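coords_34.cif, holding mmCIF, C-alpha atoms:
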data_coords
#
loop_
_atom_site.label_atom_id
_atom_site.label_comp_id
_atom_site.auth_asym_id
_atom_site.auth_seq_id
_atom_site.Cartn_x
_atom_site.Cartn_y
_atom_site.Cartn_z
CA MET A 1 0.00 0.00 0.00
CA VAL A 2 2.81 2.40 0.85
CA HIS A 3 4.44 1.60 -2.51
CA ALA A 4 1.23 2.43 -4.34
CA LEU A 5 0.95 5.74 -2.47
CA LYS A 6 4.57 6.58 -3.31
CA GLU A 7 3.89 5.80 -6.96
CA ALA A 8 0.83 8.03 -6.82
CA HIS A 9 3.05 10.76 -5.40
CA ARG A 10 5.41 10.38 -8.39
CA ILE A 11 2.72 10.64 -11.07
CA LEU A 12 0.89 13.58 -9.46
CA GLU A 13 1.68 17.14 -10.42
CA PRO A 14 2.77 19.51 -7.63
CA HIS A 15 -0.18 20.01 -5.24
CA GLY A 16 -2.02 17.14 -6.92
CA ILE A 17 -4.37 15.20 -4.70
CA ILE A 18 -5.05 11.67 -3.63
CA VAL A 19 -8.62 10.58 -2.93
CA ASP A 20 -8.88 7.56 -0.65
CA VAL A 21 -12.46 6.34 -0.46
CA ARG A 22 -13.21 2.99 1.14
CA PRO A 23 -15.66 1.19 3.42
CA LEU A 24 -14.80 0.90 7.09
CA SER A 25 -15.22 -2.39 8.89
CA ILE A 26 -17.78 -1.06 11.34
CA ASP A 27 -20.73 -3.30 12.20
CA VAL A 28 -23.94 -2.00 10.62
CA PRO A 29 -27.56 -3.19 10.71
CA LEU A 30 -29.04 -5.48 8.10
CA GLU A 31 -32.44 -3.98 7.35
CA VAL A 32 -35.54 -5.17 5.62
CA ILE A 33 -37.35 -2.25 4.02
CA TYR A 34 -40.83 -2.23 2.60
CA LYS A 35 -43.44 0.27 1.53
CA GLY A 36 -44.04 2.44 4.55
CA GLY A 37 -41.30 1.17 6.85
CA ASN A 38 -38.20 -0.78 7.71
CA GLU A 39 -37.01 -3.20 10.39
CA SER A 40 -33.55 -4.24 11.51
CA ALA A 41 -32.70 -7.93 11.46
CA GLY A 42 -29.63 -7.31 13.62
CA MET A 43 -26.03 -6.33 13.10
CA ILE A 44 -23.69 -7.53 10.37
CA ASP A 45 -20.27 -8.52 11.66
CA MET A 46 -17.67 -6.59 9.66
CA SER A 47 -14.73 -7.53 11.90
CA PRO A 48 -12.88 -9.70 9.32
CA GLY A 49 -12.04 -6.54 7.35
CA ARG A 50 -10.50 -4.64 10.28
CA PRO A 51 -6.87 -5.67 9.62
CA ILE A 52 -7.24 -4.23 6.10
CA ASP A 53 -8.58 -0.93 7.50
CA LEU A 54 -5.66 -0.75 9.87
CA ALA A 55 -3.09 -1.49 7.16
CA ALA A 56 -4.57 1.19 4.88
CA ASP A 57 -4.60 3.77 7.69
CA GLN A 58 -1.00 2.91 8.55
CA ALA A 59 0.05 3.30 4.90
CA VAL A 60 -1.54 6.75 4.74
CA ASP A 61 0.10 7.71 8.06
CA THR A 62 3.48 6.62 6.68
CA VAL A 63 3.35 8.89 3.62
CA ILE A 64 2.19 11.80 5.80
CA ILE A 65 5.07 11.24 8.26
CA ASP A 66 7.43 11.02 5.27
CA GLN A 67 6.10 14.44 4.20
CA LEU A 68 4.95 13.22 0.80
CA PHE A 69 1.34 14.28 1.45
CA THR A 70 -0.61 16.36 3.90
CA GLU A 71 -4.15 15.60 5.04
CA SER A 72 -6.62 18.08 3.61
CA MET A 73 -9.98 16.62 4.61
CA ILE A 74 -11.63 13.52 6.04
CA GLU A 75 -15.35 12.87 5.90
CA TYR A 76 -17.68 9.98 6.39
CA PHE A 77 -20.86 8.85 4.67
CA TYR A 78 -23.00 5.77 4.11
CA PHE A 79 -23.01 3.68 0.93
CA THR A 80 -26.12 1.51 0.65
CA TYR A 81 -26.58 -1.83 -1.08
CA TYR A 82 -30.06 -3.16 -1.88
CA TRP A 83 -31.14 -6.67 -2.89
CA THR A 84 -34.61 -7.91 -3.70
CA THR A 85 -34.12 -11.38 -2.19
CA MET A 86 -32.23 -12.81 0.75
CA GLU A 87 -30.82 -15.54 -1.50
CA GLY A 88 -29.52 -12.89 -3.90
CA MET A 89 -27.76 -11.11 -1.06
CA GLU A 90 -26.25 -14.31 0.34
CA GLU A 91 -25.01 -15.29 -3.11
CA ASP A 92 -23.46 -11.87 -3.67
CA ILE A 93 -21.76 -11.81 -0.27
CA GLU A 94 -20.42 -15.32 -0.81
CA GLU A 95 -19.01 -14.27 -4.18
CA ASN A 96 -17.66 -10.82 -3.37
CA TRP A 97 -17.34 -10.26 0.38
CA LYS A 98 -16.67 -13.72 1.74
CA ASP A 99 -13.61 -12.63 3.70
CA GLU A 100 -14.99 -9.30 4.90
CA ILE A 101 -18.55 -9.79 6.12
CA ILE A 102 -20.23 -12.30 8.40
CA ILE A 103 -24.01 -12.46 8.67
CA PRO A 104 -24.62 -14.11 12.06
CA VAL A 105 -27.03 -17.06 11.81
CA GLU A 106 -29.69 -15.41 13.99
CA VAL A 107 -29.54 -12.23 11.88
CA GLY A 108 -29.98 -14.22 8.69
CA GLN A 109 -32.93 -16.10 10.18
CA ARG A 110 -34.62 -12.91 11.32
CA ALA A 111 -34.06 -11.32 7.91
CA HIS A 112 -35.66 -14.36 6.23
CA MET A 113 -38.61 -14.10 8.60
CA LEU A 114 -39.05 -10.37 7.90
CA ILE A 115 -38.83 -10.85 4.14
CA ASN A 116 -41.34 -13.69 4.19
CA GLN A 117 -43.99 -11.38 5.60
CA GLN A 118 -44.53 -10.40 1.94
CA ARG A 119 -45.06 -6.71 2.47
CA LEU A 120 -45.16 -4.49 -0.57
CA GLU A 121 -41.85 -3.47 -2.20
CA THR A 122 -39.72 -5.50 0.20
CA GLN A 123 -35.96 -5.21 -0.17
CA ILE A 124 -33.00 -6.04 2.00
CA ARG A 125 -30.20 -3.56 2.52
CA PHE A 126 -27.21 -2.51 4.52
CA ALA A 127 -25.34 0.77 4.53
CA ALA A 128 -21.56 0.53 4.79
CA ARG A 129 -19.84 3.35 6.63
CA MET A 130 -17.40 4.98 4.20
CA LYS A 131 -14.32 7.10 4.79
CA LEU A 132 -13.31 9.71 2.23
CA GLY A 133 -9.84 11.17 2.68
CA ILE A 134 -8.26 13.91 0.59
CA TYR A 135 -4.47 14.29 0.73
CA VAL A 136 -2.41 16.94 -1.04
CA LYS A 137 1.02 16.28 -2.51
CA LEU A 138 3.80 18.24 -0.82
CA MET B 139 -27.48 -11.39 -7.94
CA ARG B 140 -25.91 -7.96 -8.20
CA PRO B 141 -27.15 -5.40 -5.69
CA ILE B 142 -28.42 -1.94 -6.45
CA ARG B 143 -25.46 0.11 -5.29
CA ASP B 144 -25.75 3.54 -3.73
CA PRO B 145 -28.93 4.69 -5.52
CA GLU B 146 -28.77 7.83 -3.38
CA GLY B 147 -25.52 8.79 -5.15
CA ALA B 148 -23.74 9.47 -1.85
CA GLU B 149 -20.29 8.46 -3.09
CA LEU B 150 -20.29 10.74 -6.12
CA ARG B 151 -21.87 13.59 -4.17
CA HIS B 152 -19.17 13.42 -1.50
CA LEU B 153 -16.38 13.08 -4.06
CA ALA B 154 -17.63 16.07 -6.04
CA SER B 155 -17.96 18.23 -2.95
CA ALA B 156 -14.52 17.23 -1.67
CA CYS B 157 -12.54 17.98 -4.81
CA GLU B 158 -12.97 19.77 -8.11
CA LEU B 159 -13.08 17.21 -10.94
CA THR B 160 -13.88 19.51 -13.83
CA GLY B 161 -11.10 19.70 -16.39
CA LYS B 162 -8.84 17.40 -14.40
CA THR B 163 -6.73 14.47 -15.56
CA ILE B 164 -7.57 11.63 -13.22
CA LEU B 165 -6.02 8.25 -12.52
CA GLU B 166 -8.20 5.69 -10.78
CA ILE B 167 -6.05 3.01 -9.21
CA GLY B 168 -7.96 -0.27 -8.91
CA CYS B 169 -10.87 0.81 -11.09
CA GLY B 170 -12.28 -2.74 -11.34
CA ASP B 171 -15.14 -2.89 -13.83
CA GLY B 172 -15.43 0.90 -13.90
CA LYS B 173 -18.66 1.25 -11.91
CA PHE B 174 -17.36 4.25 -10.00
CA THR B 175 -15.34 5.62 -12.94
CA ARG B 176 -18.48 5.96 -15.05
CA GLN B 177 -20.09 8.14 -12.43
CA TYR B 178 -17.58 10.98 -12.57
CA ALA B 179 -16.37 10.49 -16.15
CA GLY B 180 -18.48 13.31 -17.52
CA ALA B 181 -16.88 15.94 -15.33
CA SER B 182 -13.20 15.23 -15.93
CA LYS B 183 -10.92 16.09 -18.84
CA LYS B 184 -9.29 12.67 -19.14
CA ILE B 185 -9.47 9.47 -17.12
CA PHE B 186 -7.11 6.55 -16.87
CA GLY B 187 -8.30 3.49 -14.98
CA ILE B 188 -5.87 0.78 -14.03
CA ASP B 189 -6.55 -2.64 -12.57
CA PRO B 190 -4.73 -5.98 -12.57
CA GLU B 191 -7.90 -7.87 -13.64
CA ILE B 192 -8.24 -7.94 -17.42
CA THR B 193 -11.84 -9.23 -17.33
CA ASP B 194 -12.92 -6.27 -15.20
CA LEU B 195 -11.09 -3.87 -17.52
CA ARG B 196 -12.92 -5.29 -20.54
CA THR B 197 -16.22 -4.66 -18.77
CA ALA B 198 -15.10 -1.14 -17.87
CA LYS B 199 -14.19 -0.41 -21.46
CA ASN B 200 -17.37 -1.92 -22.89
CA ASP B 201 -19.64 -0.12 -20.46
CA MET B 202 -18.04 3.29 -20.94
CA ASN B 203 -18.26 5.46 -23.99
CA THR B 204 -14.46 5.78 -24.06
CA SER B 205 -14.25 8.24 -26.94
CA GLU B 206 -16.86 10.58 -25.50
CA TYR B 207 -15.20 10.69 -22.10
CA HIS B 208 -11.52 10.42 -23.10
CA SER B 209 -11.11 7.40 -20.88
CA PHE B 210 -8.48 4.70 -21.06
CA PHE B 211 -8.29 1.40 -19.21
CA ILE B 212 -4.93 -0.27 -18.73
CA GLN B 213 -3.88 -3.48 -17.02
CA SER B 214 -1.41 -2.49 -14.35
CA MET B 215 -0.61 -2.56 -10.65
CA GLY B 216 -0.69 0.46 -8.34
CA GLU B 217 2.85 -0.25 -7.19
CA ARG B 218 4.26 0.25 -10.70
CA LEU B 219 2.37 2.85 -12.66
CA PRO B 220 3.09 3.03 -16.40
CA PHE B 221 2.94 6.83 -16.54
CA PRO B 222 5.49 9.63 -16.54
CA SER B 223 6.05 11.71 -13.43
CA GLN B 224 3.73 14.64 -12.70
CA SER B 225 1.17 13.66 -15.32
CA PHE B 226 -2.05 13.66 -13.24
CA ASN B 227 -4.02 16.13 -11.17
CA ILE B 228 -5.87 13.54 -9.09
CA ALA B 229 -5.25 9.91 -8.11
CA ILE B 230 -8.25 8.03 -6.78
CA PHE B 231 -8.06 4.90 -4.67
CA ALA B 232 -11.68 3.71 -4.60
CA CYS B 233 -11.78 0.76 -2.21
CA SER B 234 -8.31 -0.15 -3.42
CA LEU B 235 -5.99 0.98 -0.65
#

Take the structure in the file and write it out as structure tokens.
Amino acid sequence: MVHALKEAHRILEPHGIIVDVRPLSIDVPLEVIYKGGNESAGMIDMSPGRPIDLAADQAVDTVIIDQLFTESMIEYFYFTYYWTTMEGMEEDIEENWKDEIIIPVEVGQRAHMLINQQRLETQIRFAARMKLGIYVKL
Amino acid sequence: MRPIRDPEGAELRHLASACELTGKTILEIGCGDGKFTRQYAGASKKIFGIDPEITDLRTAKNDMNTSEYHSFFIQSMGERLPFPSQSFNIAIFACSL
């Protein structure tokens, strides 16, 4: 990661900027939404991704300490994912987020139960907490 | 099944408010299949997306009107960028750091 940041430093013009936008491994609720409301099925366990968060933060700290970049701004927002079926979500997580997200059994069961109530326009969603960092080349 | 991703447009909104993209030459490191690239392509002067996965790059290229947006997708790693020094205004790591 530090090597990539140093390469980015090389290809940027003076005062060029790096944008680092990524999800944070903070547990968030799995929600079932439907016309007129929403209910939480419980929290998604995002802990498997925490070592990656830490490594990325350490890489950014390193290039700041080395005076290659200075921090200009940090902000946070939520990035939502919606699926129309529980099976679709499980399939997608298995394929793309297997090593980063754990849906606890009881949360999955509750989500199934909430979806099966067959309310209008039912969808399942979670909103990942995102970090957006802007760093200026020194 | 692919999810509907960020229909609220939060990512683009935050990116656009955090830095000026208009007229800029941008490198997206780890662009994947170009989902995020396509969102800000219209604002920038020129975009280069790099990724080690050739299949994703093909999707990125096919799904983007590359001539309209002056966008280029290249197979490469972030640790060894195939570009001259001081050639970009902005480098974006979107979920790739």

Can you translate the PyMOL selection byres ((chain A) within 7 of (chain B)) into the concrete residues it hits in this file, as an mmCIF file with C-alpha atoms, keeping the file's coordinate frame?
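See part-v5.cif below for the written result:
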data_model
loop_
_atom_site.group_PDB
_atom_site.id
_atom_site.type_symbol
_atom_site.label_atom_id
_atom_site.label_comp_id
_atom_site.auth_asym_id
_atom_site.auth_seq_id
_atom_site.Cartn_x
_atom_site.Cartn_y
_atom_site.Cartn_z
ATOM 1 C CA MET A 1 0.000 0.000 0.000
ATOM 2 C CA HIS A 3 4.440 1.600 -2.510
ATOM 3 C CA ALA A 4 1.230 2.430 -4.340
ATOM 4 C CA GLU A 7 3.890 5.800 -6.960
ATOM 5 C CA ALA A 8 0.830 8.030 -6.820
ATOM 6 C CA ARG A 10 5.410 10.380 -8.390
ATOM 7 C CA ILE A 11 2.720 10.640 -11.070
ATOM 8 C CA LEU A 12 0.890 13.580 -9.460
ATOM 9 C CA GLU A 13 1.680 17.140 -10.420
ATOM 10 C CA GLY A 16 -2.020 17.140 -6.920
ATOM 11 C CA ILE A 17 -4.370 15.200 -4.700
ATOM 12 C CA ILE A 18 -5.050 11.670 -3.630
ATOM 13 C CA VAL A 19 -8.620 10.580 -2.930
ATOM 14 C CA ASP A 20 -8.880 7.560 -0.650
ATOM 15 C CA VAL A 21 -12.460 6.340 -0.460
ATOM 16 C CA ARG A 22 -13.210 2.990 1.140
ATOM 17 C CA PRO A 23 -15.660 1.190 3.420
ATOM 18 C CA ALA A 56 -4.570 1.190 4.880
ATOM 19 C CA PHE A 79 -23.010 3.680 0.930
ATOM 20 C CA THR A 80 -26.120 1.510 0.650
ATOM 21 C CA TYR A 81 -26.580 -1.830 -1.080
ATOM 22 C CA TYR A 82 -30.060 -3.160 -1.880
ATOM 23 C CA TRP A 83 -31.140 -6.670 -2.890
ATOM 24 C CA GLY A 88 -29.520 -12.890 -3.900
ATOM 25 C CA MET A 89 -27.760 -11.110 -1.060
ATOM 26 C CA GLU A 91 -25.010 -15.290 -3.110
ATOM 27 C CA ASP A 92 -23.460 -11.870 -3.670
#

Spatial neighbours of A:Ser25, 6 Å, only C-alpha atoms, chain gap at least 2 places, as a PyMOL selection string: chain A and resi 46-47+49-50

Can you pull out every residue within 12 Å of A:Ile102, counting all atoms listed in the file, but drop anything in the same chain fewer than 3 positions away, and send it as a ChimeraX atom specification? /A:25-30,42-49,90,93-94,97-99,105-108

I need the residue set behind the PyMOL selection byres ((chain A and resi 129) around 6) for this file; please write it as an mmCIF file with C-alpha atoms, keeping the file's coordinate frame.
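Final output, saved to expr_0.cif:
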data_model
loop_
_atom_site.group_PDB
_atom_site.id
_atom_site.type_symbol
_atom_site.label_atom_id
_atom_site.label_comp_id
_atom_site.auth_asym_id
_atom_site.auth_seq_id
_atom_site.Cartn_x
_atom_site.Cartn_y
_atom_site.Cartn_z
ATOM 1 C CA PRO A 23 -15.660 1.190 3.420
ATOM 2 C CA LEU A 24 -14.800 0.900 7.090
ATOM 3 C CA PHE A 77 -20.860 8.850 4.670
ATOM 4 C CA TYR A 78 -23.000 5.770 4.110
ATOM 5 C CA ALA A 128 -21.560 0.530 4.790
ATOM 6 C CA MET A 130 -17.400 4.980 4.200
#

Give as an MDAnalysis selection string every residue, naming chains and numbers as the document does, that has an atom within 8 Å of (-12.6, -2.7, -20.3), counting all atoms listed in the file. chainID B and resid 171:172 192:201 211

Using Å and a single decimal, report how far atom CA of A:Leu68 sits from atom CA of A:Pro14.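 Pair atom CA of A:Pro14 / atom CA of A:Leu68 returns 10.7 Å.
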
Determine the residue membership of the PyMOL selection byres ((chain B and resi 177-187) around 6) for the file above and supply it as number ranges by chain. B: 159-166, 169, 174-176, 188, 208-211

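Using only C-alpha atoms, the nearest neighbour of B:Ala154 within the list A:Pro51, A:Met113, A:Gln123, A:Ile134 is A:Ile134.
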
So how many Å separate atom CA of A:Glu100 and atom CA of B:Gln213, to one decimal?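 About the pair atom CA of A:Glu100 and atom CA of B:Gln213: they are 25.3 Å apart.
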
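Nearest to A:Thr70 of all the residues A:Leu54, A:Met86, A:Leu5, A:Val136 is A:Val136, based on all atoms listed in the file.
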
Separation of atom CA of A:Ala127 from atom CA of A:Val60, in Å and rounded to one decimal: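 Separation of atom CA of A:Ala127 and atom CA of A:Val60: 24.5 Å.
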